[in-house]
Amino acid sequence: MEAQVQIGILGVKFTGKTTLFNVITGAGMPTGQGGVDPHRAIGKVPDPRLDRLTDMFNPKRKIPTSVEWVDIPGFQAGAGSDGDREATRFLEHGRKVDAMAQVIRCFDGGFGTPDPLGEWETLSLELSLADLQIVENRLEKLAKEKMRMGKVANPLEPPMFERFKEQLEAEKPLRDLELNPDETKLASGYAFLTAKPLIAVFNVAEGGEAPAEAVQAARDAGAEVVTLCATMEEELAELEEDEAAEFLADLGIEEPAANQMIRASYGALNLISFFTVGPDECRAWPVRRGSPAPVAAGVIHSDLQRGFIRAEVTAYEDLIAAGNMAAAKADNKVRLEGKAYEVQDGDILEIRFSV
Ligand SMILES: Nc1nc2c(ncn2[C@@H]2O[C@H](COP(=O)(O)OP(=O)(O)OP(=O)(O)O)[C@@H](O)[C@H]2O)c(=O)[nH]1
Ligand SMILES: [Mg+2]
């Protein structure tokens, strides 16, 4: 099965990326040895609401949303600027994912004094330089085009790329810029790294804390922030469920790493979940917050978007309160919504369509 969302795990060498990847996916890849190619694994997104719906409808299949995690080998500082192919490979992998999670070392582990703020700034700089190079190339091409033809094909482009250049030269990410829909479309073709949603993962020593200034820097750049201890969670994964819960509580950890990572990813990507239910399957689907019903229908199948007529919508809480779908209908909790309806987190949808 194809995952609907791809998250890249990246950062400086030896920060615990593969350890975290193993914790999240159970993939059991060797740690402490770098490598050249990324590891990939699909992780299911746990959602107690889907469990509850499955209990109610007793379907043949329960299908949670899935995320593909891509564990990208670490990079060394200064990699992007010297044009070294090997060293900049992580940038290419980064371009292909929907969001990036930067793992930052806050533990010693024999690798020397941690420098979380330094690591954060180093990656930001690498990403900015890579984007700047694309922007400058584009501006150069546009200038030539203007010289040759007397004008550029798309007059939107020169001012937009000039703005991008200014932003990047001021060491600010492109995600901070407000773009109009035409510009958004234009920019999306370039897969700019600093425009991608970002998660800062502070990998701390057992009981440790992420330094406030590094957390602030990440927040200022619009990143979601996660703090965890990857090696401890690795041990946790070997325990039985109730033992693990006790261990978590003892350590004052509210949420295991995998859930934190998924929640942060959904936050960074601005995703919500909606559900489809029935005797065959109960299934969770991701969609961008603020999406109208036909777009959500399109996540299920393009035919459903193309032929969208109406959506039957029941809020998860209403269905649970009513006890079953028939009772929810009798309570007028099953609404008929049209094309403009904005899908809400937890909505249960039944799409009426005709193609
Ligand atoms: N003390 C401590 N060690 C850790 C922690 N997380 C990872 N390590 C150790 O750090 C070493 C490197 O971990 P990896 O997960 O391989 O690091 P990586 O970021 O994938 O490294 P590259 O792929 O080479 O960039 C391993 O020996 C881990 O056991 C942690 O939270 N605390
Ligand atoms: Mg690794």
# chains A, B, ... in the order shown; residues from 1 in each chain; ligands from 1
call {"tool": "residues_around", "arguments": {"residues": "Pro73 of chain A", "least_positions_apart": "2", "cutoff": "12 Å", "atoms": "only C-alpha atoms", "output": "PDB file with N, CA, C and O atoms, in the first residue's frame"}}
result
ATOM      1  N   GLY A   8      10.627  12.883   5.738  1.00  0.00           N
ATOM      2  CA  GLY A   8      12.062  12.624   5.725  1.00  0.00           C
ATOM      3  C   GLY A   8      12.662  12.929   7.085  1.00  0.00           C
ATOM      4  O   GLY A   8      12.388  13.976   7.665  1.00  0.00           O
ATOM      5  N   ILE A   9      13.496  11.997   7.600  1.00  0.00           N
ATOM      6  CA  ILE A   9      14.220  12.219   8.855  1.00  0.00           C
ATOM      7  C   ILE A   9      15.646  12.578   8.466  1.00  0.00           C
ATOM      8  O   ILE A   9      16.325  11.778   7.822  1.00  0.00           O
ATOM      9  N   LEU A  10      16.073  13.779   8.803  1.00  0.00           N
ATOM     10  CA  LEU A  10      17.411  14.169   8.377  1.00  0.00           C
ATOM     11  C   LEU A  10      18.114  14.984   9.434  1.00  0.00           C
ATOM     12  O   LEU A  10      17.523  15.343  10.448  1.00  0.00           O
ATOM     13  N   GLY A  11      19.387  15.255   9.220  1.00  0.00           N
ATOM     14  CA  GLY A  11      20.171  16.026  10.180  1.00  0.00           C
ATOM     15  C   GLY A  11      21.639  15.700  10.068  1.00  0.00           C
ATOM     16  O   GLY A  11      22.062  14.956   9.185  1.00  0.00           O
ATOM     17  N   VAL A  12      22.410  16.263  11.008  1.00  0.00           N
ATOM     18  CA  VAL A  12      23.851  16.044  11.064  1.00  0.00           C
ATOM     19  C   VAL A  12      24.101  14.567  11.371  1.00  0.00           C
ATOM     20  O   VAL A  12      23.213  13.874  11.871  1.00  0.00           O
ATOM     21  N   LYS A  13      25.309  14.082  11.097  1.00  0.00           N
ATOM     22  CA  LYS A  13      25.673  12.686  11.391  1.00  0.00           C
ATOM     23  C   LYS A  13      25.557  12.376  12.882  1.00  0.00           C
ATOM     24  O   LYS A  13      25.830  13.228  13.711  1.00  0.00           O
ATOM     25  N   PHE A  14      25.225  11.148  13.180  1.00  0.00           N
ATOM     26  CA  PHE A  14      25.200  10.629  14.562  1.00  0.00           C
ATOM     27  C   PHE A  14      24.322  11.442  15.507  1.00  0.00           C
ATOM     28  O   PHE A  14      24.738  11.801  16.605  1.00  0.00           O
ATOM     29  N   THR A  15      23.133  11.753  15.079  1.00  0.00           N
ATOM     30  CA  THR A  15      22.226  12.468  15.977  1.00  0.00           C
ATOM     31  C   THR A  15      21.118  11.540  16.471  1.00  0.00           C
ATOM     32  O   THR A  15      20.289  11.935  17.282  1.00  0.00           O
ATOM     33  N   GLY A  16      21.086  10.298  15.953  1.00  0.00           N
ATOM     34  CA  GLY A  16      20.084   9.329  16.386  1.00  0.00           C
ATOM     35  C   GLY A  16      18.938   9.160  15.402  1.00  0.00           C
ATOM     36  O   GLY A  16      17.858   8.696  15.773  1.00  0.00           O
ATOM     37  N   LYS A  17      19.168   9.498  14.140  1.00  0.00           N
ATOM     38  CA  LYS A  17      18.088   9.405  13.140  1.00  0.00           C
ATOM     39  C   LYS A  17      17.621   7.968  12.931  1.00  0.00           C
ATOM     40  O   LYS A  17      16.425   7.684  12.942  1.00  0.00           O
ATOM     41  N   THR A  18      18.607   7.077  12.724  1.00  0.00           N
ATOM     42  CA  THR A  18      18.226   5.687  12.471  1.00  0.00           C
ATOM     43  C   THR A  18      17.619   5.053  13.720  1.00  0.00           C
ATOM     44  O   THR A  18      16.667   4.269  13.626  1.00  0.00           O
ATOM     45  N   THR A  19      18.146   5.431  14.887  1.00  0.00           N
ATOM     46  CA  THR A  19      17.567   4.933  16.140  1.00  0.00           C
ATOM     47  C   THR A  19      16.090   5.337  16.230  1.00  0.00           C
ATOM     48  O   THR A  19      15.224   4.514  16.522  1.00  0.00           O
ATOM     49  N   PHE A  21      14.120   6.249  13.726  1.00  0.00           N
ATOM     50  CA  PHE A  21      13.418   5.568  12.629  1.00  0.00           C
ATOM     51  C   PHE A  21      13.004   4.156  13.069  1.00  0.00           C
ATOM     52  O   PHE A  21      11.868   3.715  12.849  1.00  0.00           O
ATOM     53  N   THR A  31      22.299   0.760  13.588  1.00  0.00           N
ATOM     54  CA  THR A  31      22.580   2.156  13.936  1.00  0.00           C
ATOM     55  C   THR A  31      24.088   2.340  14.084  1.00  0.00           C
ATOM     56  O   THR A  31      24.845   1.378  14.092  1.00  0.00           O
ATOM     57  N   GLY A  32      24.495   3.600  14.200  1.00  0.00           N
ATOM     58  CA  GLY A  32      25.893   3.912  14.452  1.00  0.00           C
ATOM     59  C   GLY A  32      26.788   3.699  13.258  1.00  0.00           C
ATOM     60  O   GLY A  32      27.990   3.550  13.396  1.00  0.00           O
ATOM     61  N   GLN A  33      26.246   3.640  12.048  1.00  0.00           N
ATOM     62  CA  GLN A  33      27.124   3.386  10.907  1.00  0.00           C
ATOM     63  C   GLN A  33      26.789   4.149   9.628  1.00  0.00           C
ATOM     64  O   GLN A  33      27.297   3.811   8.564  1.00  0.00           O
ATOM     65  N   GLY A  34      25.978   5.148   9.738  1.00  0.00           N
ATOM     66  CA  GLY A  34      25.759   6.017   8.576  1.00  0.00           C
ATOM     67  C   GLY A  34      25.172   5.295   7.375  1.00  0.00           C
ATOM     68  O   GLY A  34      24.064   4.791   7.427  1.00  0.00           O
ATOM     69  N   GLY A  35      25.932   5.218   6.284  1.00  0.00           N
ATOM     70  CA  GLY A  35      25.415   4.593   5.070  1.00  0.00           C
ATOM     71  C   GLY A  35      25.148   5.650   4.023  1.00  0.00           C
ATOM     72  O   GLY A  35      25.306   6.843   4.267  1.00  0.00           O
ATOM     73  N   VAL A  36      24.756   5.199   2.844  1.00  0.00           N
ATOM     74  CA  VAL A  36      24.582   6.104   1.709  1.00  0.00           C
ATOM     75  C   VAL A  36      23.119   6.222   1.307  1.00  0.00           C
ATOM     76  O   VAL A  36      22.627   7.292   0.976  1.00  0.00           O
ATOM     77  N   ASP A  37      22.431   5.103   1.322  1.00  0.00           N
ATOM     78  CA  ASP A  37      21.039   5.108   0.870  1.00  0.00           C
ATOM     79  C   ASP A  37      20.081   5.259   2.040  1.00  0.00           C
ATOM     80  O   ASP A  37      20.347   4.753   3.128  1.00  0.00           O
ATOM     81  N   PRO A  38      18.963   5.933   1.792  1.00  0.00           N
ATOM     82  CA  PRO A  38      17.990   6.072   2.874  1.00  0.00           C
ATOM     83  C   PRO A  38      17.277   4.756   3.178  1.00  0.00           C
ATOM     84  O   PRO A  38      17.189   3.879   2.317  1.00  0.00           O
ATOM     85  N   HIS A  39      16.820   4.612   4.404  1.00  0.00           N
ATOM     86  CA  HIS A  39      15.918   3.508   4.765  1.00  0.00           C
ATOM     87  C   HIS A  39      14.490   4.015   4.649  1.00  0.00           C
ATOM     88  O   HIS A  39      14.227   5.175   4.956  1.00  0.00           O
ATOM     89  N   ARG A  40      13.601   3.121   4.226  1.00  0.00           N
ATOM     90  CA  ARG A  40      12.190   3.500   4.125  1.00  0.00           C
ATOM     91  C   ARG A  40      11.328   2.478   4.838  1.00  0.00           C
ATOM     92  O   ARG A  40      11.591   1.284   4.748  1.00  0.00           O
ATOM     93  N   VAL A  70      11.270   8.210   5.872  1.00  0.00           N
ATOM     94  CA  VAL A  70      12.486   8.039   5.077  1.00  0.00           C
ATOM     95  C   VAL A  70      13.671   8.495   5.927  1.00  0.00           C
ATOM     96  O   VAL A  70      13.789   9.678   6.261  1.00  0.00           O
ATOM     97  N   ASP A  71      14.516   7.540   6.311  1.00  0.00           N
ATOM     98  CA  ASP A  71      15.683   7.821   7.156  1.00  0.00           C
ATOM     99  C   ASP A  71      16.862   8.171   6.259  1.00  0.00           C
ATOM    100  O   ASP A  71      17.453   7.300   5.625  1.00  0.00           O
ATOM    101  N   PHE A  75      24.472  14.371   7.256  1.00  0.00           N
ATOM    102  CA  PHE A  75      25.388  15.190   6.458  1.00  0.00           C
ATOM    103  C   PHE A  75      26.373  15.878   7.380  1.00  0.00           C
ATOM    104  O   PHE A  75      26.166  15.983   8.586  1.00  0.00           O
ATOM    105  N   GLN A  76      27.459  16.361   6.789  1.00  0.00           N
ATOM    106  CA  GLN A  76      28.429  17.110   7.544  1.00  0.00           C
ATOM    107  C   GLN A  76      28.329  18.580   7.176  1.00  0.00           C
ATOM    108  O   GLN A  76      28.037  18.916   6.025  1.00  0.00           O
ATOM    109  N   GLU A  86      28.387  13.660  -3.051  1.00  0.00           N
ATOM    110  CA  GLU A  86      28.138  12.710  -1.972  1.00  0.00           C
ATOM    111  C   GLU A  86      27.498  13.409  -0.769  1.00  0.00           C
ATOM    112  O   GLU A  86      26.517  12.974  -0.210  1.00  0.00           O
ATOM    113  N   ALA A  87      28.103  14.551  -0.446  1.00  0.00           N
ATOM    114  CA  ALA A  87      27.693  15.246   0.759  1.00  0.00           C
ATOM    115  C   ALA A  87      26.353  15.956   0.606  1.00  0.00           C
ATOM    116  O   ALA A  87      25.661  16.202   1.586  1.00  0.00           O
ATOM    117  N   THR A  88      25.987  16.295  -0.614  1.00  0.00           N
ATOM    118  CA  THR A  88      24.732  17.040  -0.784  1.00  0.00           C
ATOM    119  C   THR A  88      23.568  16.125  -1.137  1.00  0.00           C
ATOM    120  O   THR A  88      22.471  16.587  -1.377  1.00  0.00           O
ATOM    121  N   ARG A  89      23.842  14.824  -1.166  1.00  0.00           N
ATOM    122  CA  ARG A  89      22.791  13.904  -1.572  1.00  0.00           C
ATOM    123  C   ARG A  89      21.546  14.016  -0.685  1.00  0.00           C
ATOM    124  O   ARG A  89      20.434  13.849  -1.152  1.00  0.00           O
ATOM    125  N   PHE A  90      21.759  14.321   0.595  1.00  0.00           N
ATOM    126  CA  PHE A  90      20.608  14.407   1.507  1.00  0.00           C
ATOM    127  C   PHE A  90      19.613  15.467   1.047  1.00  0.00           C
ATOM    128  O   PHE A  90      18.416  15.359   1.290  1.00  0.00           O
ATOM    129  N   LEU A  91      20.116  16.485   0.339  1.00  0.00           N
ATOM    130  CA  LEU A  91      19.218  17.542  -0.128  1.00  0.00           C
ATOM    131  C   LEU A  91      18.250  17.012  -1.188  1.00  0.00           C
ATOM    132  O   LEU A  91      17.079  17.381  -1.214  1.00  0.00           O
ATOM    133  N   GLU A  92      18.777  16.134  -2.048  1.00  0.00           N
ATOM    134  CA  GLU A  92      17.913  15.557  -3.090  1.00  0.00           C
ATOM    135  C   GLU A  92      16.812  14.715  -2.485  1.00  0.00           C
ATOM    136  O   GLU A  92      15.669  14.746  -2.921  1.00  0.00           O
ATOM    137  N   HIS A  93      17.192  13.926  -1.450  1.00  0.00           N
ATOM    138  CA  HIS A  93      16.156  13.119  -0.782  1.00  0.00           C
ATOM    139  C   HIS A  93      15.144  14.036  -0.101  1.00  0.00           C
ATOM    140  O   HIS A  93      13.950  13.763  -0.099  1.00  0.00           O
ATOM    141  N   GLY A  94      15.653  15.120   0.466  1.00  0.00           N
ATOM    142  CA  GLY A  94      14.794  16.075   1.153  1.00  0.00           C
ATOM    143  C   GLY A  94      13.755  16.696   0.221  1.00  0.00           C
ATOM    144  O   GLY A  94      12.622  16.952   0.610  1.00  0.00           O
ATOM    145  N   GLN A 102      14.026  17.239  11.396  1.00  0.00           N
ATOM    146  CA  GLN A 102      15.467  17.320  11.673  1.00  0.00           C
ATOM    147  C   GLN A 102      15.749  16.815  13.079  1.00  0.00           C
ATOM    148  O   GLN A 102      15.251  17.363  14.060  1.00  0.00           O
ATOM    149  N   VAL A 103      16.558  15.749  13.159  1.00  0.00           N
ATOM    150  CA  VAL A 103      16.939  15.230  14.470  1.00  0.00           C
ATOM    151  C   VAL A 103      18.191  15.966  14.941  1.00  0.00           C
ATOM    152  O   VAL A 103      19.171  16.081  14.204  1.00  0.00           O
TER     153      VAL A 103
END
call {"tool": "select_by_dssp", "arguments": {"residues": "segment 86-266 of chain A", "states": "strand (DSSP E or B)", "output": "list in words"}}
result
Ala99, Met100, Ala101, Gln102, Val103, Ile104, Arg105, Leu198, Ile199, Ala200, Val201, Phe202, Asn203, Glu224, Val225, Val226, Thr227 and Leu228 of chain A
call {"tool": "closest_residue", "arguments": {"among": "A:Pro173, A:Gly207, A:Asn270, A:Asn154", "to": "Asp250 of chain A", "atoms": "only C-alpha atoms"}}
result
A:Gly207
call {"tool": "select_by_dssp", "arguments": {"residues": "segment 101-251 of chain A", "states": "alpha helix (DSSP H)", "output": "ChimeraX atom specification"}}
result
/A:116-149,157-169,181-188,212-220,230-236,241-250
call {"tool": "residues_around", "arguments": {"residues": "Glu136 of chain A", "least_positions_apart": "4", "cutoff": "10 Å", "atoms": "only C-alpha atoms", "output": "list of chain:residue names"}}
result
A:Asp131, A:Leu132, A:Glu140, A:Lys141, A:Leu142, A:Phe161, A:Glu162, A:Phe164, A:Lys165
call {"tool": "write_last_selection", "arguments": {"atoms": "C-alpha atoms", "output": "JSON list (two decimals), in the first residue's frame"}}
result
[["chain", "number", "residue", "atom", "x", "y", "z"],
["A", 131, "ASP", "CA", 17.14, 27.06, -2.49],
["A", 132, "LEU", "CA", 19.10, 30.22, -3.24],
["A", 140, "GLU", "CA", 19.62, 34.29, -14.63],
["A", 141, "LYS", "CA", 17.50, 32.38, -17.14],
["A", 142, "LEU", "CA", 14.75, 34.98, -16.90],
["A", 161, "PHE", "CA", 11.98, 35.13, -7.56],
["A", 162, "GLU", "CA", 13.48, 38.49, -6.53],
["A", 164, "PHE", "CA", 12.55, 34.74, -2.79],
["A", 165, "LYS", "CA", 16.16, 35.83, -3.22]]
call {"tool": "closest_residue", "arguments": {"among": "A:Ala315, A:Ala327, A:Ala297, A:Ala322", "to": "Ile351 of chain A", "atoms": "only C-alpha atoms"}}
result
A:Ala297
call {"tool": "atom_distance", "arguments": {"atom1": "atom CA of Pro64 of chain A", "atom2": "atom CA of Thr25 of chain A"}}
result
14.6 Å
call {"tool": "closest_atom_pairs", "arguments": {"of": "segment 50-128 of chain A", "to": "segment 225-238 of chain A", "cutoff": "10 Å", "atoms": "only C-alpha atoms", "output": "tab-separated table"}}
result
residue	atom	partner	partner_atom	distance
A:Ala101	CA	A:Val226	CA	9.5
A:Gln102	CA	A:Val225	CA	9.9
A:Val103	CA	A:Val226	CA	9.4
A:Ile104	CA	A:Thr227	CA	9.6
A:Arg105	CA	A:Cys229	CA	9.8
A:Cys106	CA	A:Cys229	CA	9.2
A:Phe107	CA	A:Cys229	CA	8.8
call {"tool": "atom_distance", "arguments": {"atom1": "atom CA of Ala170 of chain A", "atom2": "atom CA of Ala187 of chain A"}}
result
19.0 Å
call {"tool": "residues_around", "arguments": {"residues": "Ala268 of chain A", "least_positions_apart": "5", "cutoff": "7 Å", "atoms": "only C-alpha atoms", "output": "PyMOL selection string"}}
result
chain A and resi 197-199+224
call {"tool": "closest_residue", "arguments": {"among": "A:Leu20, A:Ile253, A:Val355, A:Ala191", "to": "ligand 2", "atoms": "only C-alpha atoms and all ligand atoms"}}
result
A:Leu20
call {"tool": "closest_residue", "arguments": {"among": "A:Leu248, A:Ala257, A:Val5, A:Leu53", "to": "ligand 1", "atoms": "only C-alpha atoms and all ligand atoms"}}
result
A:Ala257
call {"tool": "residues_around", "arguments": {"residues": "Leu336 of chain A", "least_positions_apart": "5", "cutoff": "8 Å", "atoms": "only C-alpha atoms", "output": "ChimeraX atom specification"}}
result
/A:310-313
call {"tool": "atom_distance", "arguments": {"atom1": "atom 20 (O, counted along the ligand's line) of ligand 1", "atom2": "atom CA of Thr65 of chain A"}}
result
25.5 Å
call {"tool": "closest_residue", "arguments": {"among": "A:Leu177, A:Ala210, A:Val287, A:Leu117", "to": "ligand 1", "atoms": "only C-alpha atoms and all ligand atoms"}}
result
A:Ala210
call {"tool": "residues_around", "arguments": {"residues": "Ala143 of chain A", "least_positions_apart": "3", "cutoff": "12 Å", "atoms": "only C-alpha atoms", "output": "ChimeraX atom specification"}}
result
/A:136-140,146-153,155,157-159,161-162
call {"tool": "closest_residue", "arguments": {"among": "A:Phe202, A:Trp120, A:Phe57, A:Tyr190", "to": "ligand 1", "atoms": "only C-alpha atoms and all ligand atoms"}}
result
A:Phe202
call {"tool": "residues_around", "arguments": {"residues": "Asn259 of chain A", "least_positions_apart": "6", "cutoff": "10 Å", "atoms": "only C-alpha atoms", "output": "PDB file with N, CA and C atoms, in the first residue's frame"}}
result
ATOM      1  N   ILE A  24      10.117   4.268  15.573  1.00  0.00           N
ATOM      2  CA  ILE A  24       8.820   4.595  14.960  1.00  0.00           C
ATOM      3  C   ILE A  24       8.281   3.431  14.136  1.00  0.00           C
ATOM      4  N   VAL A  45      -0.729   5.183  11.359  1.00  0.00           N
ATOM      5  CA  VAL A  45      -1.037   6.285  12.263  1.00  0.00           C
ATOM      6  C   VAL A  45      -2.085   5.809  13.269  1.00  0.00           C
ATOM      7  N   PRO A  46      -1.693   5.685  14.545  1.00  0.00           N
ATOM      8  CA  PRO A  46      -2.654   5.207  15.531  1.00  0.00           C
ATOM      9  C   PRO A  46      -3.745   6.245  15.752  1.00  0.00           C
ATOM     10  N   ASP A  47      -4.978   5.818  15.835  1.00  0.00           N
ATOM     11  CA  ASP A  47      -6.075   6.750  16.096  1.00  0.00           C
ATOM     12  C   ASP A  47      -7.164   6.006  16.864  1.00  0.00           C
ATOM     13  N   SER A 265       3.917  15.787  12.713  1.00  0.00           N
ATOM     14  CA  SER A 265       3.874  15.768  11.245  1.00  0.00           C
ATOM     15  C   SER A 265       2.521  16.257  10.744  1.00  0.00           C
TER      16      SER A 265
END
